[in-house]
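> Before we start, here is the structure in question, set down as structure tokens.
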Amino acid sequence: MSRASSDIQSIAVIGAGIIGLASALELADRGVRVTLYEKQWPPRGASWAAAGMLAPAFEAAAAPGTHPRLFELCETSARLWPDWSAQLEVRSGQSAGYFPGPSLAIAQTAEQAALLRAVEAKLADHELAPQDCLSRLDEVEPAIETQARGALLLPSDGQADNRATLEALVASAEAHDGIAIEKGEASIRVTSRGIDHSGHDATLITSGWRSAKVVLNQDEGASDVSGLDPVFDEIVAFGGQMLAVAPLEDGPRLTVRCGHIYIVPKGDRIIIGATTEPGRTSLEPEHSTIASLHQAAAEICPALAKAEVIESWAGIRPGTKDHAPILGETSTPGLFVAAGHFRNGILLAPLTAKIMADLMIDQNSSELARSFSPQSRYAEQL
Ligand SMILES: Cc1cc2nc3c(=O)[nH]c(=O)nc-3n(C[C@H](O)[C@H](O)[C@H](O)COP(=O)(O)OP(=O)(O)OC[C@H]3O[C@@H](n4cnc5c(N)ncnc54)[C@H](O)[C@@H]3O)c2cc1C
């Protein structure tokens with residue numbers, strides 16, 4: 001670690017998505033002066049585009065290649081959500097959009113049924129163990145009408161109206177005496193004496209999928225931040241398209257997942273998602289893709305077929321190879337990163353903010369947090 005904790009009294013945070021906002025508030029609450037840079041105000045990145053599921057359960061049986069401790073990270077953050085969102089409501093005076101579980105997962109194919117069985121087996125001893133509800137599916141969620149081959153109620157999995165959460169975070173950051181907001185694109189300058197933290201003691205990059213693309217200004221010219229540390233190149237884009245339909249009397253009450261389709265009722269709209277498209281950075285949804293998502297959701301919940309489409313959009317998840325975020329100090333002293341949260345950034349915001357504040361201010365890092373650091377993930381490159 002490069003600095004004594006007392007050395008860091010001011011921090012530049014680049015990016016005001018849910019990760020930057022949550023981190024800025026946590027850092028400022030602990031007495032550090034924060035400047036929060038955001039190029040699009042109000043922020044409309046992945047945190048705006050997301051479905052807002054707070055869904056650790058499936059990470060327990062995630063595909064090979066997923067970070068082995070991602071479920072633990074997700075589950076720990078899920079436990080923070082109720083208090084974190086309650087505090088956010090108190091400080092902002094507005095809804096943070098949190099809804100506790102359960103959510104419902106159903107299987108239409110043998111492969112999906114096997115995945116449900118794997119989730120059930122992995123979480124059998126968990127205090128929020130999934131419950132097989134196939135025999136009473138009609139009663140659990142009357143809006144579902146499909147030949148289900150499996151159904152699990154997931155008490156661990158809640159959801160948030162992520163747009164409400166983001167607005168509450170923005171209002172809280174704007175009102176915080178310890179946070180200055182700079183609207184515009186931030187870049188990093190390197191001088192002969194090393195990295196210039198825009199007059200601060202340290203920099204935290206939370207720029208979502210664009211984290212590797214933060215501009216680096218050096219005497220020799222401009223490049224991007226991956227010139228400082230190859231770890232940034234690990235953060236790549238995964239596009240996702242979604243739609244929202246108007247709420248329905250006979251629509252689903254629960255969040256429902258089936259394969260890659262999810263249906264997330266938000267009160268004033270029902271979200272239907274999502275594609276996962278490696279490398280897609282367009283923010284334009286495609287008509288045919290949106291129509292096929294709508295149709296697939298209607299095959300699970302027929303009432304959705306008649307629902308009016310009120311919005312469709314595309315967002316960009318910040319992904320990594322093992323689908324887990326990179327949290328920690330890079331090989332450049334004083335340059336920290338919290339990015340790459342992929343499909344779990346809304347869920348992971350409260351814990352990410354705590355991990356980064358513990359590390360940057362108190363130089364304290366839990367064993368779990370250390371397993372997501374650049375050093376432990378990409379040691380061979382650093
Ligand atoms: C379709 C879709 C569905 C999803 N569903 C879920 C879900 O159900 N549950 C869940 O937990 N997660 C979900 N996610 C993932 C989640 O949205 C992301 O992991 C999370 O929002 C990442 O937050 P972030 O703050 O890192 O990024 P962002 O929200 O993208 O914020 C990054 C910010 O940095 C700003 N920025 C970039 N470069 C600069 C710069 N140089 N200077 C200043 N500002 C800059 C951008 O403008 C942006 O506002 C979903 C994502 C998508 C796209």
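Residues in the structure tokens are named by chain (A, B, ... in the order shown) and by number from 1 within that chain; ligands are numbered from 1 in the order shown.
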What lies within 8 Å of A:Val245 using only C-alpha atoms, ignoring chain neighbours under 3 positions off, as a PDB file with N, CA and C atoms, in the first residue's frame?

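result-v6.pdb written:
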ATOM      1  N   ARG A 269     -44.389   0.371 -14.108  1.00  0.00           N
ATOM      2  CA  ARG A 269     -44.024  -0.278 -15.367  1.00  0.00           C
ATOM      3  C   ARG A 269     -43.545  -1.693 -15.068  1.00  0.00           C
ATOM      4  N   ILE A 270     -43.514  -2.493 -16.106  1.00  0.00           N
ATOM      5  CA  ILE A 270     -42.961  -3.848 -15.947  1.00  0.00           C
ATOM      6  C   ILE A 270     -41.776  -3.941 -16.899  1.00  0.00           C
ATOM      7  N   ILE A 271     -40.623  -4.241 -16.353  1.00  0.00           N
ATOM      8  CA  ILE A 271     -39.414  -4.334 -17.195  1.00  0.00           C
ATOM      9  C   ILE A 271     -39.253  -5.765 -17.705  1.00  0.00           C
ATOM     10  N   ILE A 272     -38.891  -5.865 -18.965  1.00  0.00           N
ATOM     11  CA  ILE A 272     -38.621  -7.172 -19.583  1.00  0.00           C
ATOM     12  C   ILE A 272     -37.197  -7.125 -20.147  1.00  0.00           C
ATOM     13  N   LEU A 304     -48.781 -10.372 -20.748  1.00  0.00           N
ATOM     14  CA  LEU A 304     -47.824  -9.373 -21.251  1.00  0.00           C
ATOM     15  C   LEU A 304     -47.956  -9.140 -22.751  1.00  0.00           C
ATOM     16  N   ALA A 307     -49.767  -6.034 -23.409  1.00  0.00           N
ATOM     17  CA  ALA A 307     -49.307  -4.834 -22.700  1.00  0.00           C
ATOM     18  C   ALA A 307     -48.620  -3.861 -23.660  1.00  0.00           C
ATOM     19  N   GLU A 308     -48.933  -2.593 -23.486  1.00  0.00           N
ATOM     20  CA  GLU A 308     -48.342  -1.556 -24.343  1.00  0.00           C
ATOM     21  C   GLU A 308     -46.853  -1.364 -24.011  1.00  0.00           C
ATOM     22  N   VAL A 309     -46.031  -1.362 -25.037  1.00  0.00           N
ATOM     23  CA  VAL A 309     -44.595  -1.083 -24.822  1.00  0.00           C
ATOM     24  C   VAL A 309     -44.456   0.430 -24.596  1.00  0.00           C
ATOM     25  N   ILE A 310     -43.922   0.808 -23.445  1.00  0.00           N
ATOM     26  CA  ILE A 310     -43.800   2.250 -23.171  1.00  0.00           C
ATOM     27  C   ILE A 310     -42.362   2.764 -23.322  1.00  0.00           C
ATOM     28  N   GLU A 311     -41.412   1.861 -23.349  1.00  0.00           N
ATOM     29  CA  GLU A 311     -40.021   2.300 -23.510  1.00  0.00           C
ATOM     30  C   GLU A 311     -39.176   1.098 -23.937  1.00  0.00           C
TER      31      GLU A 311
END
> So that I can see what lies close to A:Leu137, please list as a ChimeraX atom specification the residues with an atom at most 12 Å from it, counting only C-alpha atoms and leaving out residues fewer than 4 positions away in the same chain.
/A:104-107,131-133,141-153,254,256
> For the selection you just gave me, I'd like the residues written to a file as a CSV table (one decimal), in the first residue's frame, keeping N, CA and C atoms.

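Writing the result to out03.csv gives the following:
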chain,number,residue,atom,x,y,z
A,104,LEU,N,-39.0,-15.2,-8.2
A,104,LEU,CA,-39.4,-16.5,-8.6
A,104,LEU,C,-38.5,-16.9,-9.9
A,105,ALA,N,-38.0,-18.1,-9.8
A,105,ALA,CA,-37.3,-18.6,-11.0
A,105,ALA,C,-38.0,-19.8,-11.6
A,106,ILE,N,-38.3,-19.8,-12.8
A,106,ILE,CA,-38.9,-21.0,-13.4
A,106,ILE,C,-38.1,-21.6,-14.6
A,107,ALA,N,-38.3,-22.9,-14.9
A,107,ALA,CA,-37.6,-23.5,-15.9
A,107,ALA,C,-38.6,-24.0,-17.0
A,131,GLN,N,-37.0,-22.3,-2.2
A,131,GLN,CA,-38.1,-23.3,-2.0
A,131,GLN,C,-38.7,-23.8,-3.3
A,132,ASP,N,-38.8,-25.1,-3.4
A,132,ASP,CA,-39.4,-25.7,-4.6
A,132,ASP,C,-40.9,-25.3,-4.6
A,133,CYS,N,-41.4,-24.6,-5.6
A,133,CYS,CA,-42.8,-24.3,-5.6
A,133,CYS,C,-43.5,-24.7,-6.8
A,141,GLU,N,-47.7,-17.4,-8.2
A,141,GLU,CA,-47.7,-16.3,-9.2
A,141,GLU,C,-48.7,-16.7,-10.3
A,142,PRO,N,-50.0,-16.3,-10.1
A,142,PRO,CA,-51.1,-16.6,-11.0
A,142,PRO,C,-50.9,-16.1,-12.4
A,143,ALA,N,-50.0,-15.1,-12.6
A,143,ALA,CA,-49.8,-14.6,-14.0
A,143,ALA,C,-49.0,-15.5,-14.9
A,144,ILE,N,-48.3,-16.5,-14.3
A,144,ILE,CA,-47.5,-17.4,-15.1
A,144,ILE,C,-48.4,-18.5,-15.7
A,145,GLU,N,-48.3,-18.7,-17.0
A,145,GLU,CA,-49.0,-19.8,-17.6
A,145,GLU,C,-48.0,-20.5,-18.6
A,146,THR,N,-47.3,-21.4,-18.1
A,146,THR,CA,-46.4,-22.1,-19.0
A,146,THR,C,-46.2,-23.5,-18.5
A,147,GLN,N,-45.8,-24.4,-19.3
A,147,GLN,CA,-45.5,-25.8,-18.9
A,147,GLN,C,-44.2,-25.8,-18.1
A,148,ALA,N,-44.2,-25.3,-16.9
A,148,ALA,CA,-42.9,-25.2,-16.2
A,148,ALA,C,-42.3,-26.6,-15.8
A,149,ARG,N,-41.0,-26.7,-15.9
A,149,ARG,CA,-40.4,-28.0,-15.5
A,149,ARG,C,-39.7,-27.8,-14.2
A,150,GLY,N,-39.7,-26.7,-13.7
A,150,GLY,CA,-39.1,-26.4,-12.3
A,150,GLY,C,-39.5,-25.0,-11.9
A,151,ALA,N,-39.6,-24.8,-10.6
A,151,ALA,CA,-40.0,-23.5,-10.1
A,151,ALA,C,-39.4,-23.3,-8.7
A,152,LEU,N,-38.7,-22.2,-8.5
A,152,LEU,CA,-38.1,-22.0,-7.2
A,152,LEU,C,-38.4,-20.6,-6.7
A,153,LEU,N,-38.8,-20.5,-5.4
A,153,LEU,CA,-39.0,-19.2,-4.8
A,153,LEU,C,-37.6,-18.9,-4.2
A,254,LEU,N,-44.5,-10.8,-8.8
A,254,LEU,CA,-43.1,-11.1,-8.4
A,254,LEU,C,-42.2,-10.9,-9.6
A,256,VAL,N,-39.8,-12.4,-12.0
A,256,VAL,CA,-39.8,-13.8,-12.6
A,256,VAL,C,-38.6,-13.9,-13.5
> Can you work out which residues are within 6 Å of ligand 1, considering only C-alpha atoms and all ligand atoms, and then hand them over as a ChimeraX atom specification?
/A:14-20,37-40,43-47,49-54,184-187,206-208,210,214,239-242,274,315-318,339,341-347
> Considering only C-alpha atoms, return as a VMD selection string whatever protein or nucleic-acid residues lie within 6 Å of A:Gly319, sequence-local ones (same chain, fewer than 6 positions apart) excluded.
chain A and resid 235 to 237 340 342
> Which residues are near stretch 221-234 of chain A? Cut-off 12 Å, only C-alpha atoms, ignore same chain within fewer than 4 positions. Put them as a PDB file with C-alpha atoms, in the first residue's frame.

ATOM      1  CA  ALA A 186     -12.532  13.879 -16.514  1.00  0.00           C
ATOM      2  CA  SER A 187      -9.071  12.886 -17.654  1.00  0.00           C
ATOM      3  CA  ILE A 188      -5.947  11.921 -15.758  1.00  0.00           C
ATOM      4  CA  ARG A 189      -2.730  13.878 -16.091  1.00  0.00           C
ATOM      5  CA  VAL A 190       0.709  12.432 -15.579  1.00  0.00           C
ATOM      6  CA  THR A 191       3.579  14.818 -14.914  1.00  0.00           C
ATOM      7  CA  GLY A 194       3.869  11.055 -11.370  1.00  0.00           C
ATOM      8  CA  ILE A 195       0.112  11.038 -11.563  1.00  0.00           C
ATOM      9  CA  THR A 203      -8.175   9.034  -7.772  1.00  0.00           C
ATOM     10  CA  ILE A 205     -12.059   5.316 -11.333  1.00  0.00           C
ATOM     11  CA  THR A 206     -15.686   4.178 -11.375  1.00  0.00           C
ATOM     12  CA  SER A 207     -16.406   4.897 -15.015  1.00  0.00           C
ATOM     13  CA  GLY A 208     -18.348   1.721 -15.777  1.00  0.00           C
ATOM     14  CA  TRP A 209     -17.567   0.111 -19.130  1.00  0.00           C
ATOM     15  CA  ARG A 210     -15.549   3.216 -20.078  1.00  0.00           C
ATOM     16  CA  SER A 211     -13.127   2.761 -17.166  1.00  0.00           C
ATOM     17  CA  ALA A 212     -10.323   1.673 -19.516  1.00  0.00           C
ATOM     18  CA  LYS A 213     -11.083   4.607 -21.801  1.00  0.00           C
ATOM     19  CA  VAL A 214     -10.537   7.430 -19.321  1.00  0.00           C
ATOM     20  CA  VAL A 215      -8.160   9.763 -21.137  1.00  0.00           C
ATOM     21  CA  LEU A 216      -4.567   9.890 -19.965  1.00  0.00           C
ATOM     22  CA  ASN A 217      -2.677  13.100 -20.709  1.00  0.00           C
ATOM     23  CA  PRO A 318     -19.012  -3.160 -17.525  1.00  0.00           C
ATOM     24  CA  GLY A 319     -17.834  -6.765 -17.717  1.00  0.00           C
ATOM     25  CA  THR A 320     -14.727  -8.765 -16.908  1.00  0.00           C
ATOM     26  CA  LYS A 321     -13.668 -12.286 -17.905  1.00  0.00           C
ATOM     27  CA  ASP A 322     -14.783 -13.793 -14.599  1.00  0.00           C
ATOM     28  CA  HIS A 323     -17.889 -11.573 -14.323  1.00  0.00           C
ATOM     29  CA  ALA A 324     -16.674 -10.013 -11.096  1.00  0.00           C
ATOM     30  CA  PRO A 325     -15.681  -6.447 -10.287  1.00  0.00           C
ATOM     31  CA  ILE A 326     -12.108  -5.224  -9.866  1.00  0.00           C
ATOM     32  CA  LEU A 327     -11.832  -3.440  -6.518  1.00  0.00           C
ATOM     33  CA  GLY A 328      -8.623  -1.920  -5.242  1.00  0.00           C
ATOM     34  CA  GLU A 329      -5.463   0.046  -5.858  1.00  0.00           C
ATOM     35  CA  THR A 330      -3.746  -0.396  -9.200  1.00  0.00           C
ATOM     36  CA  SER A 331       0.010  -0.678  -9.674  1.00  0.00           C
ATOM     37  CA  THR A 332       0.058   3.122  -9.996  1.00  0.00           C
ATOM     38  CA  PRO A 333       0.184   4.479  -6.444  1.00  0.00           C
ATOM     39  CA  GLY A 334      -2.925   6.415  -5.470  1.00  0.00           C
ATOM     40  CA  LEU A 335      -4.914   5.245  -8.491  1.00  0.00           C
ATOM     41  CA  PHE A 336      -7.824   3.047  -7.430  1.00  0.00           C
ATOM     42  CA  VAL A 337     -10.490   1.270  -9.455  1.00  0.00           C
ATOM     43  CA  ALA A 338     -13.988  -0.010  -8.678  1.00  0.00           C
ATOM     44  CA  ALA A 339     -15.412  -1.236 -11.958  1.00  0.00           C
ATOM     45  CA  GLY A 340     -16.439  -4.315 -13.903  1.00  0.00           C
ATOM     46  CA  HIS A 341     -19.555  -5.144 -11.896  1.00  0.00           C
ATOM     47  CA  PHE A 342     -21.162  -6.730 -14.965  1.00  0.00           C
ATOM     48  CA  PHE A 372     -11.276  -8.927  -5.953  1.00  0.00           C
ATOM     49  CA  SER A 373      -8.177  -6.680  -5.958  1.00  0.00           C
ATOM     50  CA  PRO A 374      -6.155  -6.104  -9.142  1.00  0.00           C
ATOM     51  CA  GLN A 375      -3.185  -7.835  -7.513  1.00  0.00           C
ATOM     52  CA  SER A 376      -4.993 -11.052  -6.683  1.00  0.00           C
ATOM     53  CA  ARG A 377      -6.851 -11.193 -10.009  1.00  0.00           C
ATOM     54  CA  TYR A 378      -4.163 -10.287 -12.486  1.00  0.00           C
ATOM     55  CA  ALA A 379      -0.919 -10.842 -10.599  1.00  0.00           C
ATOM     56  CA  GLU A 380       0.797 -12.248 -13.655  1.00  0.00           C
ATOM     57  CA  GLN A 381       0.276  -8.999 -15.588  1.00  0.00           C
ATOM     58  CA  LEU A 382       1.224  -6.514 -12.896  1.00  0.00           C
TER      59      LEU A 382
END
> Smallest atom-to-atom distance to A:Arg163: which of A:Asp196, A:Pro42, A:Asp138, A:Ala121, using only C-alpha atoms?
A:Pro42
> Tell me which protein, DNA and RNA residues are within 10 Å of A:Pro130, counting only C-alpha atoms, leaving out same-chain ones fewer than 3 positions away, and put them as a ChimeraX atom specification.
/A:57,102-105,116-117,119-127,133,151-157
> Enumerate the residues of stretch 39-193 of chain A with a DSSP assignment of alpha helix (DSSP H), computed from the backbone, and present them as an mmCIF file with N, CA and C atoms, in the first residue's frame.

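So out_26.cif came out as:
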data_model
loop_
_atom_site.group_PDB
_atom_site.id
_atom_site.type_symbol
_atom_site.label_atom_id
_atom_site.label_comp_id
_atom_site.auth_asym_id
_atom_site.auth_seq_id
_atom_site.Cartn_x
_atom_site.Cartn_y
_atom_site.Cartn_z
ATOM 1 N N ALA A 46 -25.071 2.565 -17.201
ATOM 2 C CA ALA A 46 -25.660 1.247 -16.925
ATOM 3 C C ALA A 46 -26.589 1.289 -15.714
ATOM 4 N N SER A 47 -26.263 2.143 -14.760
ATOM 5 C CA SER A 47 -27.061 2.176 -13.532
ATOM 6 C C SER A 47 -28.481 2.665 -13.797
ATOM 7 N N TRP A 48 -28.642 3.444 -14.846
ATOM 8 C CA TRP A 48 -29.970 3.907 -15.265
ATOM 9 C C TRP A 48 -30.668 2.819 -16.093
ATOM 10 N N ALA A 49 -29.862 2.105 -16.876
ATOM 11 C CA ALA A 49 -30.415 1.137 -17.841
ATOM 12 C C ALA A 49 -30.788 -0.201 -17.217
ATOM 13 N N LEU A 70 -17.753 -14.809 -6.095
ATOM 14 C CA LEU A 70 -18.730 -13.788 -6.491
ATOM 15 C C LEU A 70 -20.048 -13.934 -5.712
ATOM 16 N N PHE A 71 -20.486 -15.160 -5.504
ATOM 17 C CA PHE A 71 -21.722 -15.345 -4.748
ATOM 18 C C PHE A 71 -21.601 -14.730 -3.342
ATOM 19 N N GLU A 72 -20.464 -14.984 -2.698
ATOM 20 C CA GLU A 72 -20.252 -14.456 -1.340
ATOM 21 C C GLU A 72 -20.300 -12.921 -1.344
ATOM 22 N N LEU A 73 -19.663 -12.336 -2.368
ATOM 23 C CA LEU A 73 -19.667 -10.876 -2.473
ATOM 24 C C LEU A 73 -21.107 -10.374 -2.660
ATOM 25 N N CYS A 74 -21.837 -11.036 -3.559
ATOM 26 C CA CYS A 74 -23.208 -10.618 -3.862
ATOM 27 C C CYS A 74 -24.115 -10.794 -2.640
ATOM 28 N N GLU A 75 -23.953 -11.909 -1.972
ATOM 29 C CA GLU A 75 -24.804 -12.185 -0.823
ATOM 30 C C GLU A 75 -24.531 -11.184 0.306
ATOM 31 N N THR A 76 -23.257 -10.860 0.501
ATOM 32 C CA THR A 76 -22.900 -9.894 1.555
ATOM 33 C C THR A 76 -23.513 -8.535 1.227
ATOM 34 N N SER A 77 -23.467 -8.141 -0.031
ATOM 35 C CA SER A 77 -24.042 -6.842 -0.397
ATOM 36 C C SER A 77 -25.567 -6.869 -0.287
ATOM 37 N N ALA A 78 -26.173 -8.005 -0.641
ATOM 38 C CA ALA A 78 -27.642 -8.104 -0.530
ATOM 39 C C ALA A 78 -28.082 -7.858 0.904
ATOM 40 N N ARG A 79 -27.285 -8.311 1.858
ATOM 41 C CA ARG A 79 -27.639 -8.108 3.274
ATOM 42 C C ARG A 79 -27.540 -6.636 3.677
ATOM 43 N N LEU A 80 -26.679 -5.883 2.980
ATOM 44 C CA LEU A 80 -26.527 -4.454 3.311
ATOM 45 C C LEU A 80 -27.668 -3.619 2.738
ATOM 46 N N TRP A 81 -28.311 -4.124 1.682
ATOM 47 C CA TRP A 81 -29.269 -3.302 0.934
ATOM 48 C C TRP A 81 -30.396 -2.696 1.779
ATOM 49 N N PRO A 82 -31.071 -3.474 2.658
ATOM 50 C CA PRO A 82 -32.207 -2.881 3.386
ATOM 51 C C PRO A 82 -31.809 -1.643 4.199
ATOM 52 N N ASP A 83 -30.720 -1.732 4.972
ATOM 53 C CA ASP A 83 -30.309 -0.580 5.801
ATOM 54 C C ASP A 83 -29.729 0.537 4.939
ATOM 55 N N TRP A 84 -28.951 0.142 3.937
ATOM 56 C CA TRP A 84 -28.312 1.144 3.055
ATOM 57 C C TRP A 84 -29.388 1.975 2.355
ATOM 58 N N SER A 85 -30.428 1.299 1.846
ATOM 59 C CA SER A 85 -31.464 2.044 1.117
ATOM 60 C C SER A 85 -32.327 2.851 2.088
ATOM 61 N N ALA A 86 -32.523 2.326 3.307
ATOM 62 C CA ALA A 86 -33.305 3.096 4.295
ATOM 63 C C ALA A 86 -32.567 4.393 4.645
ATOM 64 N N GLN A 87 -31.246 4.285 4.824
ATOM 65 C CA GLN A 87 -30.451 5.501 5.131
ATOM 66 C C GLN A 87 -30.467 6.471 3.958
ATOM 67 N N LEU A 88 -30.435 5.922 2.771
ATOM 68 C CA LEU A 88 -30.471 6.775 1.568
ATOM 69 C C LEU A 88 -31.801 7.527 1.499
ATOM 70 N N GLU A 89 -32.879 6.872 1.884
ATOM 71 C CA GLU A 89 -34.192 7.537 1.874
ATOM 72 C C GLU A 89 -34.220 8.659 2.911
ATOM 73 N N VAL A 90 -33.630 8.408 4.081
ATOM 74 C CA VAL A 90 -33.635 9.433 5.124
ATOM 75 C C VAL A 90 -32.826 10.645 4.648
ATOM 76 N N ARG A 91 -31.644 10.404 4.101
ATOM 77 C CA ARG A 91 -30.783 11.544 3.739
ATOM 78 C C ARG A 91 -31.284 12.289 2.500
ATOM 79 N N SER A 92 -31.940 11.567 1.580
ATOM 80 C CA SER A 92 -32.372 12.225 0.342
ATOM 81 C C SER A 92 -33.809 12.735 0.428
ATOM 82 N N ALA A 110 -35.120 -28.595 -20.031
ATOM 83 C CA ALA A 110 -34.408 -29.511 -19.136
ATOM 84 C C ALA A 110 -33.131 -28.839 -18.598
ATOM 85 N N GLU A 111 -32.482 -28.078 -19.468
ATOM 86 C CA GLU A 111 -31.239 -27.409 -19.050
ATOM 87 C C GLU A 111 -31.517 -26.378 -17.943
ATOM 88 N N GLN A 112 -32.598 -25.616 -18.145
ATOM 89 C CA GLN A 112 -32.959 -24.621 -17.117
ATOM 90 C C GLN A 112 -33.350 -25.319 -15.811
ATOM 91 N N ALA A 113 -34.042 -26.465 -15.924
ATOM 92 C CA ALA A 113 -34.455 -27.202 -14.717
ATOM 93 C C ALA A 113 -33.223 -27.705 -13.963
ATOM 94 N N ALA A 114 -32.198 -28.127 -14.716
ATOM 95 C CA ALA A 114 -30.969 -28.605 -14.072
ATOM 96 C C ALA A 114 -30.285 -27.459 -13.325
ATOM 97 N N LEU A 115 -30.327 -26.263 -13.908
ATOM 98 C CA LEU A 115 -29.719 -25.101 -13.243
ATOM 99 C C LEU A 115 -30.478 -24.785 -11.941
ATOM 100 N N LEU A 116 -31.797 -24.854 -11.988
ATOM 101 C CA LEU A 116 -32.569 -24.602 -10.756
ATOM 102 C C LEU A 116 -32.208 -25.623 -9.678
ATOM 103 N N ARG A 117 -32.053 -26.883 -10.106
ATOM 104 C CA ARG A 117 -31.688 -27.916 -9.112
ATOM 105 C C ARG A 117 -30.302 -27.624 -8.530
ATOM 106 N N ALA A 118 -29.403 -27.140 -9.376
ATOM 107 C CA ALA A 118 -28.048 -26.818 -8.891
ATOM 108 C C ALA A 118 -28.102 -25.659 -7.887
ATOM 109 N N VAL A 119 -28.909 -24.637 -8.183
ATOM 110 C CA VAL A 119 -29.042 -23.501 -7.251
ATOM 111 C C VAL A 119 -29.632 -23.995 -5.932
ATOM 112 N N GLU A 120 -30.656 -24.830 -6.034
ATOM 113 C CA GLU A 120 -31.323 -25.346 -4.829
ATOM 114 C C GLU A 120 -30.335 -26.147 -3.978
ATOM 115 N N ALA A 121 -29.543 -26.996 -4.644
ATOM 116 C CA ALA A 121 -28.593 -27.838 -3.906
ATOM 117 C C ALA A 121 -27.506 -26.976 -3.252
ATOM 118 N N LYS A 122 -26.981 -25.992 -3.994
ATOM 119 C CA LYS A 122 -25.904 -25.143 -3.447
ATOM 120 C C LYS A 122 -26.378 -24.354 -2.235
ATOM 121 N N LEU A 137 -47.372 -23.430 -8.221
ATOM 122 C CA LEU A 137 -46.986 -22.265 -9.019
ATOM 123 C C LEU A 137 -48.176 -21.328 -9.281
ATOM 124 N N ASP A 138 -49.356 -21.910 -9.508
ATOM 125 C CA ASP A 138 -50.566 -21.098 -9.781
ATOM 126 C C ASP A 138 -50.851 -20.118 -8.668
ATOM 127 N N GLU A 139 -50.635 -20.624 -7.468
ATOM 128 C CA GLU A 139 -50.937 -19.826 -6.287
ATOM 129 C C GLU A 139 -49.820 -18.792 -6.034
ATOM 130 N N VAL A 140 -48.570 -19.216 -6.264
ATOM 131 C CA VAL A 140 -47.424 -18.332 -6.002
ATOM 132 C C VAL A 140 -47.420 -17.154 -6.978
ATOM 133 N N ASN A 162 -33.999 0.861 -9.776
ATOM 134 C CA ASN A 162 -32.648 1.441 -9.828
ATOM 135 C C ASN A 162 -32.650 2.901 -10.250
ATOM 136 N N ARG A 163 -33.669 3.319 -11.019
ATOM 137 C CA ARG A 163 -33.704 4.750 -11.403
ATOM 138 C C ARG A 163 -34.028 5.605 -10.175
ATOM 139 N N ALA A 164 -34.901 5.086 -9.305
ATOM 140 C CA ALA A 164 -35.195 5.809 -8.056
ATOM 141 C C ALA A 164 -33.942 5.830 -7.179
ATOM 142 N N THR A 165 -33.243 4.706 -7.125
ATOM 143 C CA THR A 165 -32.008 4.646 -6.311
ATOM 144 C C THR A 165 -31.006 5.683 -6.810
ATOM 145 N N LEU A 166 -30.831 5.727 -8.127
ATOM 146 C CA LEU A 166 -29.855 6.649 -8.715
ATOM 147 C C LEU A 166 -30.245 8.100 -8.409
ATOM 148 N N GLU A 167 -31.544 8.395 -8.531
ATOM 149 C CA GLU A 167 -31.988 9.772 -8.258
ATOM 150 C C GLU A 167 -31.779 10.132 -6.789
ATOM 151 N N ALA A 168 -32.018 9.175 -5.897
ATOM 152 C CA ALA A 168 -31.804 9.443 -4.463
ATOM 153 C C ALA A 168 -30.313 9.648 -4.181
ATOM 154 N N LEU A 169 -29.470 8.890 -4.860
ATOM 155 C CA LEU A 169 -28.016 9.064 -4.685
ATOM 156 C C LEU A 169 -27.562 10.422 -5.223
ATOM 157 N N VAL A 170 -28.086 10.797 -6.388
ATOM 158 C CA VAL A 170 -27.724 12.095 -6.976
ATOM 159 C C VAL A 170 -28.135 13.225 -6.031
ATOM 160 N N ALA A 171 -29.362 13.170 -5.525
ATOM 161 C CA ALA A 171 -29.847 14.222 -4.613
ATOM 162 C C ALA A 171 -28.972 14.279 -3.364
ATOM 163 N N SER A 172 -28.573 13.118 -2.860
ATOM 164 C CA SER A 172 -27.746 13.075 -1.641
ATOM 165 C C SER A 172 -26.354 13.638 -1.906
ATOM 166 N N ALA A 173 -25.794 13.298 -3.068
ATOM 167 C CA ALA A 173 -24.453 13.811 -3.399
ATOM 168 C C ALA A 173 -24.503 15.330 -3.584
ATOM 169 N N GLU A 174 -25.565 15.799 -4.252
ATOM 170 C CA GLU A 174 -25.673 17.258 -4.480
ATOM 171 C C GLU A 174 -25.798 18.014 -3.163
ATOM 172 N N ALA A 175 -26.424 17.375 -2.176
ATOM 173 C CA ALA A 175 -26.662 18.071 -0.906
ATOM 174 C C ALA A 175 -25.496 17.922 0.076
#
> I want to know what sits within 10 Å of A:Leu359, based on only C-alpha atoms, with residues of the same chain fewer than 4 positions away left out; could you give that as a ChimeraX atom specification?
/A:1,5,327-329,336,353-355,363-366,369-370
